[in-house]
Amino acid sequence: MKTILSIDTSCDETSVAITRGRRVLSNVIYSQILIHKKWGGVVPSLAKRAHEERIDMVIEEALKKYRQYIHIPEAEIWSAIDAVAVTQGPGLAIALEVGMRKAKELAAIYSKRLVPVNHLEGHIYSAYVQNRNGKPEGEYLFPCLAIVISGGHTEIVRMDKHLSYDVLGETIDDAAGEALDKAAKMLGLGYPGGPVIERLAREVGNRETHKFPRPMIGSGDLRFSFSGLKTSLYYYLKNGTGLSREQIREVASSFQEAVFDTILLKTRAAMRQTGISHLVVGGGVIANLYLRRRFRALAKEYGGSVQFPVFSYLTGDNAAMIGVAAGLKAERALYVENSDTFDRVPRLSLPKYHL
Ligand code: KG4
Ligand code: ZN
């Protein structure tokens with residue numbers, strides 16, 4: 001089994017992990033949330049600078065933790081690493097570049113093979129990540145539907161085996177997390193929006209007092225669209241006078257319900273279409289416990305199963321999930337052929353391997 005050092009700088013977390021197979025031996029995440037918070041969203045140029053400032057330190061820290069685990073002298077640490085993995089895309093071009101450059105540099109200095117990883121593959125494999133003790137143990141049950149719900153993506157992907165992806169539907173505009181973030185901004189709740197909205201909705205028992213639309217549920221396909229939902233909130237707020245705290249809670253809860261209902265309706269449609277009842281769900285939004293409950297109920301209804309990332313750091317961006325996806329790739333020798341032409345791809349789609 002290969003030991004891999006992996007790097008993710010796709011958005012606003014600088015993260016480095018050391019993994020062996022499914023096990024995470026060390027994982028460090030430096031979040032830039034405080035830097036971007038006051039701008040109400042991620043500012044690419046600030047993200048790039050923060051990645052550049054932190055990347056070496058985060059690598060050092062990840063190596064140090066790994067060294068403490070395997071008890072090896074500092075000078076020999078790279079002999080205990082087999083390959084370097086990096087997120088190639090999708091993500092912010094200038095942010096991705098920081099990780100890519102560093103990964104290439106390390107691979108060249110220490111003569112390691114490079115493993116390219118798609119950020120979405122990482123989120124898909126976040127529920128596959130184990131701790132040092134090999135927990136949780138469950139395997140993915142194929143065929144399954146992998147659902148990624150994050151700040152940048154909303155996708156339903158069919159998987160018939162490991163690393164085999166068939167995108168059944170994705171968003172044509174905003175992602176689900178982005179919709180929650182924008183709604184929170186309109187309601188004056190700050191950034192990121194998902195966690196605040198989850199809390200406010202819980203405080204009113206996830207009640208739906210205003211019926212926002214369920215975009216594209218009649219489209220007959222599995223595509224999503226969330227930008228209209230945001231517009232309908234805009235008009236709802238514009239027509240009302242100032243909202244009381246209680247009303248803000250109710251609007252937040254109603255909005256969340258519209259977003260989650262749409263995701264669940266499309267997932268249900270995908271399950272019906274494909275006859276697949278095993279689900280794997282990843283991405284920042286699945287930190288939401290109410291959404292987890294809804295997915296569990298759906299899987300149960302179809303006699304299937306649902307797997308989520310079990311450790312809380314795995315829902316957001318992290319290099320551990322990149323490393324675990326890279327581990328599967330390294331087993332199949334899916335390395336970068338030529339590192340000179342290996343470049344970031346900000347709009348990278350899920351790869352189609354013929355394994
Ligand atoms: O996966 P992630 O960290 O970054 C991307 O790759 O996009 O996802 C971030 C998104 C944000 O939109 C954030 O509001 C949302 O995940 N999020 C949540 C929760 N925690 C984070 N959404 C709903 N409920 C939460 N508890
Ligand atoms: Zn992500």
# chains A, B, ... in the order shown; residues from 1 in each chain; ligands from 1
>>> residues_around(residues="Pro351 (chain A)", least_positions_apart="5", cutoff="9 Å", atoms="only C-alpha atoms", output="PyMOL selection string")
chain A and resi 118+121+163-166
>>> write_last_selection(atoms="N, CA, C and O atoms", output="PDB file, in the first residue's frame")
ATOM      1  N   ASN A 118      -9.036  14.907  -8.878  1.00  0.00           N
ATOM      2  CA  ASN A 118     -10.124  15.856  -9.109  1.00  0.00           C
ATOM      3  C   ASN A 118     -10.736  16.166  -7.738  1.00  0.00           C
ATOM      4  O   ASN A 118     -10.999  15.246  -6.952  1.00  0.00           O
ATOM      5  N   GLU A 121     -13.736  14.131  -6.888  1.00  0.00           N
ATOM      6  CA  GLU A 121     -13.397  12.755  -6.497  1.00  0.00           C
ATOM      7  C   GLU A 121     -13.078  12.728  -5.016  1.00  0.00           C
ATOM      8  O   GLU A 121     -13.447  11.802  -4.303  1.00  0.00           O
ATOM      9  N   LEU A 163     -13.598   4.647  -8.718  1.00  0.00           N
ATOM     10  CA  LEU A 163     -13.027   5.579  -9.695  1.00  0.00           C
ATOM     11  C   LEU A 163     -13.778   5.622 -11.031  1.00  0.00           C
ATOM     12  O   LEU A 163     -13.261   6.153 -12.004  1.00  0.00           O
ATOM     13  N   SER A 164     -14.966   5.042 -11.059  1.00  0.00           N
ATOM     14  CA  SER A 164     -15.738   5.085 -12.302  1.00  0.00           C
ATOM     15  C   SER A 164     -16.903   6.053 -12.097  1.00  0.00           C
ATOM     16  O   SER A 164     -17.750   5.840 -11.234  1.00  0.00           O
ATOM     17  N   TYR A 165     -16.918   7.119 -12.868  1.00  0.00           N
ATOM     18  CA  TYR A 165     -17.897   8.181 -12.635  1.00  0.00           C
ATOM     19  C   TYR A 165     -18.738   8.444 -13.868  1.00  0.00           C
ATOM     20  O   TYR A 165     -18.220   8.633 -14.950  1.00  0.00           O
ATOM     21  N   ASP A 166     -20.041   8.486 -13.662  1.00  0.00           N
ATOM     22  CA  ASP A 166     -20.933   8.860 -14.751  1.00  0.00           C
ATOM     23  C   ASP A 166     -21.841   9.961 -14.185  1.00  0.00           C
ATOM     24  O   ASP A 166     -22.709   9.679 -13.356  1.00  0.00           O
TER      25      ASP A 166
END
>>> closest_atom_pairs(of="chain A", to="ligand 1", cutoff="6 Å", atoms="only C-alpha atoms and all ligand atoms", output="Markdown table")
| residue | atom | partner | partner_atom_place_in_ligand_line | distance |
| --- | --- | --- | --- | --- |
| A:Ser150 | CA | ligand 1 | 8 (O) | 4.0 |
| A:Gly151 | CA | ligand 1 | 7 (O) | 3.1 |
| A:Gly152 | CA | ligand 1 | 7 (O) | 4.1 |
| A:Gly177 | CA | ligand 1 | 12 (O) | 3.3 |
| A:Glu178 | CA | ligand 1 | 12 (O) | 4.7 |
| A:Leu180 | CA | ligand 1 | 14 (O) | 6.0 |
| A:Asp181 | CA | ligand 1 | 14 (O) | 5.2 |
| A:Pro192 | CA | ligand 1 | 14 (O) | 4.5 |
| A:Gly193 | CA | ligand 1 | 14 (O) | 4.5 |
| A:Gly194 | CA | ligand 1 | 22 (N) | 3.3 |
| A:Pro195 | CA | ligand 1 | 26 (N) | 3.8 |
| A:Glu198 | CA | ligand 1 | 24 (N) | 5.3 |
| A:Gly283 | CA | ligand 1 | 1 (O) | 4.1 |
| A:Gly284 | CA | ligand 1 | 8 (O) | 3.4 |
| A:Val285 | CA | ligand 1 | 22 (N) | 3.5 |
| A:Ala287 | CA | ligand 1 | 26 (N) | 4.5 |
| A:Asn288 | CA | ligand 1 | 26 (N) | 3.8 |
| A:Gly316 | CA | ligand 1 | 3 (O) | 3.3 |
| A:Asp317 | CA | ligand 1 | 3 (O) | 4.6 |
>>> write_last_selection(atoms="C-alpha atoms", output="compact mmCIF listing (two decimals), in the first residue's frame")
# COMPACT_ATOMS: atom_id res chain seq x y z
CA SER A 150 -20.75 21.85 -1.64
CA GLY A 151 -20.19 25.57 -2.05
CA GLY A 152 -19.03 25.07 -5.62
CA GLY A 177 -24.05 25.69 -0.71
CA GLU A 178 -23.65 28.86 -2.72
CA LEU A 180 -27.37 29.03 1.18
CA ASP A 181 -24.42 31.42 1.41
CA PRO A 192 -20.53 31.01 5.43
CA GLY A 193 -24.30 30.76 5.39
CA GLY A 194 -24.94 27.03 5.68
CA PRO A 195 -24.16 26.57 9.39
CA GLU A 198 -29.00 25.21 9.87
CA GLY A 283 -19.35 18.12 0.40
CA GLY A 284 -19.64 20.97 2.87
CA VAL A 285 -23.43 21.03 2.97
CA ALA A 287 -22.32 18.79 7.58
CA ASN A 288 -25.99 19.62 8.02
CA GLY A 316 -15.28 20.73 4.28
CA ASP A 317 -12.22 20.90 2.06
>>> residues_around(residues="Glu61 (chain A)", least_positions_apart="6", cutoff="9 Å", atoms="only C-alpha atoms", output="list in words")
Val16, Ser26, Asn27 and Val28 of chain A
>>> closest_atom_pairs(of="chain A", to="ligand 2", cutoff="12 Å", atoms="only C-alpha atoms and all ligand atoms", output="tab-separated table")
residue	atom	partner	partner_atom_place_in_ligand_line	distance
A:Asp8	CA	ligand 2	1 (Zn)	9.4
A:Thr9	CA	ligand 2	1 (Zn)	9.8
A:Ser10	CA	ligand 2	1 (Zn)	7.5
A:Cys11	CA	ligand 2	1 (Zn)	7.4
A:Asp12	CA	ligand 2	1 (Zn)	9.2
A:Glu13	CA	ligand 2	1 (Zn)	9.2
A:Thr14	CA	ligand 2	1 (Zn)	11.7
A:Ser15	CA	ligand 2	1 (Zn)	11.5
A:Thr87	CA	ligand 2	1 (Zn)	10.4
A:Gly89	CA	ligand 2	1 (Zn)	10.1
A:Pro90	CA	ligand 2	1 (Zn)	8.9
A:Gly91	CA	ligand 2	1 (Zn)	8.2
A:Leu92	CA	ligand 2	1 (Zn)	11.0
A:Asn118	CA	ligand 2	1 (Zn)	10.2
A:His119	CA	ligand 2	1 (Zn)	6.4
A:Leu120	CA	ligand 2	1 (Zn)	7.0
A:Glu121	CA	ligand 2	1 (Zn)	9.8
A:Gly122	CA	ligand 2	1 (Zn)	8.0
A:His123	CA	ligand 2	1 (Zn)	6.5
A:Ile124	CA	ligand 2	1 (Zn)	10.1
A:Tyr125	CA	ligand 2	1 (Zn)	11.7
A:Ser126	CA	ligand 2	1 (Zn)	10.3
A:Val148	CA	ligand 2	1 (Zn)	8.9
A:Ile149	CA	ligand 2	1 (Zn)	8.8
A:Ser150	CA	ligand 2	1 (Zn)	6.0
A:Gly151	CA	ligand 2	1 (Zn)	6.9
A:Gly152	CA	ligand 2	1 (Zn)	6.9
A:His153	CA	ligand 2	1 (Zn)	7.9
A:Thr154	CA	ligand 2	1 (Zn)	10.6
A:Ala175	CA	ligand 2	1 (Zn)	11.3
A:Gly177	CA	ligand 2	1 (Zn)	10.3
A:Glu178	CA	ligand 2	1 (Zn)	11.7
A:Gly282	CA	ligand 2	1 (Zn)	9.0
A:Gly283	CA	ligand 2	1 (Zn)	6.0
A:Gly284	CA	ligand 2	1 (Zn)	6.8
A:Val285	CA	ligand 2	1 (Zn)	9.9
A:Ile286	CA	ligand 2	1 (Zn)	11.4
A:Tyr313	CA	ligand 2	1 (Zn)	11.6
A:Leu314	CA	ligand 2	1 (Zn)	9.8
A:Thr315	CA	ligand 2	1 (Zn)	8.2
A:Gly316	CA	ligand 2	1 (Zn)	6.2
A:Asp317	CA	ligand 2	1 (Zn)	4.7
A:Asn318	CA	ligand 2	1 (Zn)	7.8
A:Ala319	CA	ligand 2	1 (Zn)	10.1
A:Met321	CA	ligand 2	1 (Zn)	10.1
A:Ile322	CA	ligand 2	1 (Zn)	10.3
>>> closest_residue(among="A:Asp261, A:Ile35, A:Arg199, A:Thr267", to="Leu289 (chain A)", atoms="only C-alpha atoms")
A:Arg199
>>> residues_around(residues="Arg268 (chain A)", least_positions_apart="4", cutoff="12 Å", atoms="only C-alpha atoms", output="list in words")
Leu145, Ile147, Ile156, Ile217, Asp221, Leu222, Asp261, Thr262, Ile263, Leu264, Arg272, Gln273, Thr274, Gly275, Ile276, Ser277, His278, Leu279, Arg294, Phe295, Ala297, Leu298, Ala299, Lys300, Glu301, Tyr302 and Gly304 of chain A
>>> closest_residue(among="A:Asn338, A:Leu348, A:Ala93, A:Gly169", to="Arg113 (chain A)", atoms="only C-alpha atoms")
A:Asn338
>>> select_by_dssp(residues="region 168-300 of chain A", states="helix (DSSP H, G or I)", output="VMD selection string")
chain A and resid 176 to 186 193 to 203 227 to 239 245 to 274 284 to 287 289 to 300
>>> residues_around(residues="Asp343 (chain A)", least_positions_apart="4", cutoff="10 Å", atoms="only C-alpha atoms", output="mmCIF file with N, CA and C atoms, in the first residue's frame")
data_model
loop_
_atom_site.group_PDB
_atom_site.id
_atom_site.type_symbol
_atom_site.label_atom_id
_atom_site.label_comp_id
_atom_site.auth_asym_id
_atom_site.auth_seq_id
_atom_site.Cartn_x
_atom_site.Cartn_y
_atom_site.Cartn_z
ATOM 1 N N GLN A 88 -5.989 18.952 -8.929
ATOM 2 C CA GLN A 88 -5.712 19.631 -10.202
ATOM 3 C C GLN A 88 -6.843 20.582 -10.579
ATOM 4 N N GLY A 89 -8.023 20.337 -10.046
ATOM 5 C CA GLY A 89 -9.208 21.140 -10.318
ATOM 6 C C GLY A 89 -10.408 20.321 -9.928
ATOM 7 N N LEU A 96 -5.422 26.984 -6.991
ATOM 8 C CA LEU A 96 -4.971 25.645 -7.391
ATOM 9 C C LEU A 96 -3.488 25.655 -7.732
ATOM 10 N N GLU A 97 -3.098 26.733 -8.396
ATOM 11 C CA GLU A 97 -1.731 26.840 -8.869
ATOM 12 C C GLU A 97 -0.703 26.715 -7.750
ATOM 13 N N MET A 100 -0.362 23.037 -6.927
ATOM 14 C CA MET A 100 0.215 22.318 -8.072
ATOM 15 C C MET A 100 1.726 22.553 -8.151
ATOM 16 N N ARG A 101 2.100 23.813 -8.022
ATOM 17 C CA ARG A 101 3.515 24.161 -8.122
ATOM 18 C C ARG A 101 4.307 23.450 -7.025
ATOM 19 N N LYS A 104 4.594 19.643 -7.617
ATOM 20 C CA LYS A 104 5.588 19.340 -8.665
ATOM 21 C C LYS A 104 7.000 19.496 -8.121
ATOM 22 N N PRO A 116 -2.644 12.863 -9.911
ATOM 23 C CA PRO A 116 -3.586 13.974 -10.091
ATOM 24 C C PRO A 116 -4.943 13.598 -9.497
ATOM 25 N N SER A 339 5.225 15.665 -15.972
ATOM 26 C CA SER A 339 4.912 16.748 -15.036
ATOM 27 C C SER A 339 5.119 18.133 -15.665
#
>>> atom_distance(atom1="CA of Ser227 (chain A)", atom2="CA of Met186 (chain A)")
13.5 Å
>>> closest_residue(among="A:Leu168, A:Ala326, A:Leu233, A:Asn239", to="Ala269 (chain A)", atoms="only C-alpha atoms")
A:Leu168
>>> closest_residue(among="A:Lys161, A:Arg293, A:Lys64, A:Arg249", to="Ile77 (chain A)", atoms="only C-alpha atoms")
A:Lys64
>>> select_by_dssp(residues="region 121-239 of chain A", states="strand (DSSP E or B)", output="count of residues only")
21
>>> decode(residues="region 127-162 of chain A", atoms="N, CA, C and O atoms", output="PDB file, in the first residue's frame")
ATOM      1  N   ALA A 127     -16.333   9.942   2.358  1.00  0.00           N
ATOM      2  CA  ALA A 127     -17.008   8.972   3.231  1.00  0.00           C
ATOM      3  C   ALA A 127     -16.228   7.660   3.300  1.00  0.00           C
ATOM      4  O   ALA A 127     -16.611   6.731   4.011  1.00  0.00           O
ATOM      5  N   TYR A 128     -15.135   7.573   2.562  1.00  0.00           N
ATOM      6  CA  TYR A 128     -14.317   6.352   2.510  1.00  0.00           C
ATOM      7  C   TYR A 128     -13.086   6.483   3.417  1.00  0.00           C
ATOM      8  O   TYR A 128     -12.348   5.542   3.641  1.00  0.00           O
ATOM      9  N   VAL A 129     -12.886   7.706   3.903  1.00  0.00           N
ATOM     10  CA  VAL A 129     -11.690   8.000   4.707  1.00  0.00           C
ATOM     11  C   VAL A 129     -11.781   7.353   6.081  1.00  0.00           C
ATOM     12  O   VAL A 129     -12.801   7.444   6.755  1.00  0.00           O
ATOM     13  N   GLN A 130     -10.692   6.706   6.468  1.00  0.00           N
ATOM     14  CA  GLN A 130     -10.626   6.091   7.799  1.00  0.00           C
ATOM     15  C   GLN A 130      -9.600   6.808   8.669  1.00  0.00           C
ATOM     16  O   GLN A 130      -8.657   7.420   8.166  1.00  0.00           O
ATOM     17  N   ASN A 131      -9.763   6.670   9.967  1.00  0.00           N
ATOM     18  CA  ASN A 131      -8.737   7.189  10.874  1.00  0.00           C
ATOM     19  C   ASN A 131      -7.569   6.201  10.929  1.00  0.00           C
ATOM     20  O   ASN A 131      -7.568   5.185  10.233  1.00  0.00           O
ATOM     21  N   ARG A 132      -6.600   6.481  11.772  1.00  0.00           N
ATOM     22  CA  ARG A 132      -5.411   5.624  11.862  1.00  0.00           C
ATOM     23  C   ARG A 132      -5.737   4.187  12.242  1.00  0.00           C
ATOM     24  O   ARG A 132      -4.999   3.268  11.940  1.00  0.00           O
ATOM     25  N   ASN A 133      -6.839   4.027  12.964  1.00  0.00           N
ATOM     26  CA  ASN A 133      -7.204   2.689  13.428  1.00  0.00           C
ATOM     27  C   ASN A 133      -8.122   1.940  12.464  1.00  0.00           C
ATOM     28  O   ASN A 133      -8.703   0.911  12.808  1.00  0.00           O
ATOM     29  N   GLY A 134      -8.288   2.509  11.286  1.00  0.00           N
ATOM     30  CA  GLY A 134      -9.099   1.809  10.286  1.00  0.00           C
ATOM     31  C   GLY A 134     -10.594   1.907  10.518  1.00  0.00           C
ATOM     32  O   GLY A 134     -11.357   1.051  10.083  1.00  0.00           O
ATOM     33  N   LYS A 135     -11.037   2.965  11.178  1.00  0.00           N
ATOM     34  CA  LYS A 135     -12.475   3.164  11.407  1.00  0.00           C
ATOM     35  C   LYS A 135     -12.949   4.357  10.576  1.00  0.00           C
ATOM     36  O   LYS A 135     -12.216   5.334  10.484  1.00  0.00           O
ATOM     37  N   PRO A 136     -14.109   4.364   9.989  1.00  0.00           N
ATOM     38  CA  PRO A 136     -15.085   3.280   9.931  1.00  0.00           C
ATOM     39  C   PRO A 136     -14.668   2.211   8.922  1.00  0.00           C
ATOM     40  O   PRO A 136     -13.847   2.477   8.048  1.00  0.00           O
ATOM     41  N   GLU A 137     -15.292   1.026   9.027  1.00  0.00           N
ATOM     42  CA  GLU A 137     -14.827  -0.100   8.226  1.00  0.00           C
ATOM     43  C   GLU A 137     -15.574  -0.302   6.915  1.00  0.00           C
ATOM     44  O   GLU A 137     -15.034  -0.896   5.994  1.00  0.00           O
ATOM     45  N   GLY A 138     -16.797   0.179   6.840  1.00  0.00           N
ATOM     46  CA  GLY A 138     -17.673  -0.136   5.694  1.00  0.00           C
ATOM     47  C   GLY A 138     -17.061   0.142   4.326  1.00  0.00           C
ATOM     48  O   GLY A 138     -16.369   1.126   4.123  1.00  0.00           O
ATOM     49  N   GLU A 139     -17.351  -0.753   3.385  1.00  0.00           N
ATOM     50  CA  GLU A 139     -16.932  -0.567   1.993  1.00  0.00           C
ATOM     51  C   GLU A 139     -18.027   0.226   1.254  1.00  0.00           C
ATOM     52  O   GLU A 139     -19.174   0.262   1.707  1.00  0.00           O
ATOM     53  N   TYR A 140     -17.694   0.788   0.129  1.00  0.00           N
ATOM     54  CA  TYR A 140     -18.738   1.369  -0.711  1.00  0.00           C
ATOM     55  C   TYR A 140     -19.482   0.211  -1.375  1.00  0.00           C
ATOM     56  O   TYR A 140     -18.859  -0.770  -1.787  1.00  0.00           O
ATOM     57  N   LEU A 141     -20.796   0.355  -1.475  1.00  0.00           N
ATOM     58  CA  LEU A 141     -21.607  -0.710  -2.070  1.00  0.00           C
ATOM     59  C   LEU A 141     -21.969  -0.305  -3.500  1.00  0.00           C
ATOM     60  O   LEU A 141     -22.758   0.614  -3.705  1.00  0.00           O
ATOM     61  N   PHE A 142     -21.372  -0.973  -4.470  1.00  0.00           N
ATOM     62  CA  PHE A 142     -21.620  -0.617  -5.873  1.00  0.00           C
ATOM     63  C   PHE A 142     -22.728  -1.474  -6.480  1.00  0.00           C
ATOM     64  O   PHE A 142     -22.867  -2.619  -6.091  1.00  0.00           O
ATOM     65  N   PRO A 143     -23.500  -0.957  -7.421  1.00  0.00           N
ATOM     66  CA  PRO A 143     -23.438   0.425  -7.892  1.00  0.00           C
ATOM     67  C   PRO A 143     -24.025   1.375  -6.844  1.00  0.00           C
ATOM     68  O   PRO A 143     -24.906   0.992  -6.083  1.00  0.00           O
ATOM     69  N   CYS A 144     -23.515   2.595  -6.848  1.00  0.00           N
ATOM     70  CA  CYS A 144     -24.069   3.580  -5.919  1.00  0.00           C
ATOM     71  C   CYS A 144     -24.215   4.925  -6.622  1.00  0.00           C
ATOM     72  O   CYS A 144     -23.680   5.127  -7.715  1.00  0.00           O
ATOM     73  N   LEU A 145     -24.957   5.802  -5.990  1.00  0.00           N
ATOM     74  CA  LEU A 145     -25.053   7.181  -6.468  1.00  0.00           C
ATOM     75  C   LEU A 145     -24.242   8.034  -5.513  1.00  0.00           C
ATOM     76  O   LEU A 145     -24.494   8.026  -4.307  1.00  0.00           O
ATOM     77  N   ALA A 146     -23.239   8.719  -6.037  1.00  0.00           N
ATOM     78  CA  ALA A 146     -22.433   9.615  -5.215  1.00  0.00           C
ATOM     79  C   ALA A 146     -22.968  11.024  -5.415  1.00  0.00           C
ATOM     80  O   ALA A 146     -23.158  11.468  -6.553  1.00  0.00           O
ATOM     81  N   ILE A 147     -23.251  11.689  -4.310  1.00  0.00           N
ATOM     82  CA  ILE A 147     -23.834  13.021  -4.405  1.00  0.00           C
ATOM     83  C   ILE A 147     -22.898  14.015  -3.728  1.00  0.00           C
ATOM     84  O   ILE A 147     -22.516  13.818  -2.576  1.00  0.00           O
ATOM     85  N   VAL A 148     -22.501  15.019  -4.482  1.00  0.00           N
ATOM     86  CA  VAL A 148     -21.608  16.038  -3.932  1.00  0.00           C
ATOM     87  C   VAL A 148     -22.403  17.324  -3.780  1.00  0.00           C
ATOM     88  O   VAL A 148     -22.993  17.822  -4.746  1.00  0.00           O
ATOM     89  N   ILE A 149     -22.438  17.836  -2.546  1.00  0.00           N
ATOM     90  CA  ILE A 149     -23.205  19.052  -2.282  1.00  0.00           C
ATOM     91  C   ILE A 149     -22.289  20.013  -1.538  1.00  0.00           C
ATOM     92  O   ILE A 149     -22.100  19.909  -0.325  1.00  0.00           O
ATOM     93  N   SER A 150     -21.708  20.955  -2.279  1.00  0.00           N
ATOM     94  CA  SER A 150     -20.747  21.851  -1.635  1.00  0.00           C
ATOM     95  C   SER A 150     -21.003  23.293  -2.036  1.00  0.00           C
ATOM     96  O   SER A 150     -22.041  23.616  -2.616  1.00  0.00           O
ATOM     97  N   GLY A 151     -20.047  24.155  -1.715  1.00  0.00           N
ATOM     98  CA  GLY A 151     -20.186  25.568  -2.049  1.00  0.00           C
ATOM     99  C   GLY A 151     -19.996  25.809  -3.535  1.00  0.00           C
ATOM    100  O   GLY A 151     -20.449  26.811  -4.080  1.00  0.00           O
ATOM    101  N   GLY A 152     -19.313  24.885  -4.201  1.00  0.00           N
ATOM    102  CA  GLY A 152     -19.035  25.068  -5.624  1.00  0.00           C
ATOM    103  C   GLY A 152     -19.756  24.069  -6.520  1.00  0.00           C
ATOM    104  O   GLY A 152     -19.803  24.253  -7.734  1.00  0.00           O
ATOM    105  N   HIS A 153     -20.311  23.001  -5.936  1.00  0.00           N
ATOM    106  CA  HIS A 153     -20.852  21.924  -6.766  1.00  0.00           C
ATOM    107  C   HIS A 153     -22.101  21.277  -6.204  1.00  0.00           C
ATOM    108  O   HIS A 153     -22.267  21.201  -4.994  1.00  0.00           O
ATOM    109  N   THR A 154     -22.944  20.829  -7.114  1.00  0.00           N
ATOM    110  CA  THR A 154     -24.100  20.005  -6.759  1.00  0.00           C
ATOM    111  C   THR A 154     -24.191  18.972  -7.867  1.00  0.00           C
ATOM    112  O   THR A 154     -24.489  19.321  -9.006  1.00  0.00           O
ATOM    113  N   GLU A 155     -23.869  17.733  -7.566  1.00  0.00           N
ATOM    114  CA  GLU A 155     -23.794  16.724  -8.615  1.00  0.00           C
ATOM    115  C   GLU A 155     -24.331  15.386  -8.141  1.00  0.00           C
ATOM    116  O   GLU A 155     -24.148  15.022  -6.982  1.00  0.00           O
ATOM    117  N   ILE A 156     -24.940  14.667  -9.065  1.00  0.00           N
ATOM    118  CA  ILE A 156     -25.318  13.274  -8.799  1.00  0.00           C
ATOM    119  C   ILE A 156     -24.530  12.416  -9.789  1.00  0.00           C
ATOM    120  O   ILE A 156     -24.603  12.634 -10.998  1.00  0.00           O
ATOM    121  N   VAL A 157     -23.761  11.496  -9.253  1.00  0.00           N
ATOM    122  CA  VAL A 157     -22.840  10.714 -10.069  1.00  0.00           C
ATOM    123  C   VAL A 157     -23.094   9.223  -9.865  1.00  0.00           C
ATOM    124  O   VAL A 157     -23.160   8.758  -8.722  1.00  0.00           O
ATOM    125  N   ARG A 158     -23.227   8.490 -10.939  1.00  0.00           N
ATOM    126  CA  ARG A 158     -23.369   7.039 -10.827  1.00  0.00           C
ATOM    127  C   ARG A 158     -21.982   6.406 -10.795  1.00  0.00           C
ATOM    128  O   ARG A 158     -21.112   6.751 -11.577  1.00  0.00           O
ATOM    129  N   MET A 159     -21.797   5.493  -9.855  1.00  0.00           N
ATOM    130  CA  MET A 159     -20.518   4.760  -9.790  1.00  0.00           C
ATOM    131  C   MET A 159     -20.797   3.271  -9.801  1.00  0.00           C
ATOM    132  O   MET A 159     -21.518   2.762  -8.957  1.00  0.00           O
ATOM    133  N   ASP A 160     -20.212   2.562 -10.768  1.00  0.00           N
ATOM    134  CA  ASP A 160     -20.395   1.112 -10.827  1.00  0.00           C
ATOM    135  C   ASP A 160     -19.248   0.381 -10.159  1.00  0.00           C
ATOM    136  O   ASP A 160     -19.342  -0.802  -9.866  1.00  0.00           O
ATOM    137  N   LYS A 161     -18.142   1.083  -9.986  1.00  0.00           N
ATOM    138  CA  LYS A 161     -16.993   0.548  -9.255  1.00  0.00           C
ATOM    139  C   LYS A 161     -16.135   1.734  -8.836  1.00  0.00           C
ATOM    140  O   LYS A 161     -16.439   2.877  -9.203  1.00  0.00           O
ATOM    141  N   HIS A 162     -15.041   1.455  -8.126  1.00  0.00           N
ATOM    142  CA  HIS A 162     -14.169   2.547  -7.688  1.00  0.00           C
ATOM    143  C   HIS A 162     -13.645   3.346  -8.878  1.00  0.00           C
ATOM    144  O   HIS A 162     -13.298   2.768  -9.921  1.00  0.00           O
TER     145      HIS A 162
END
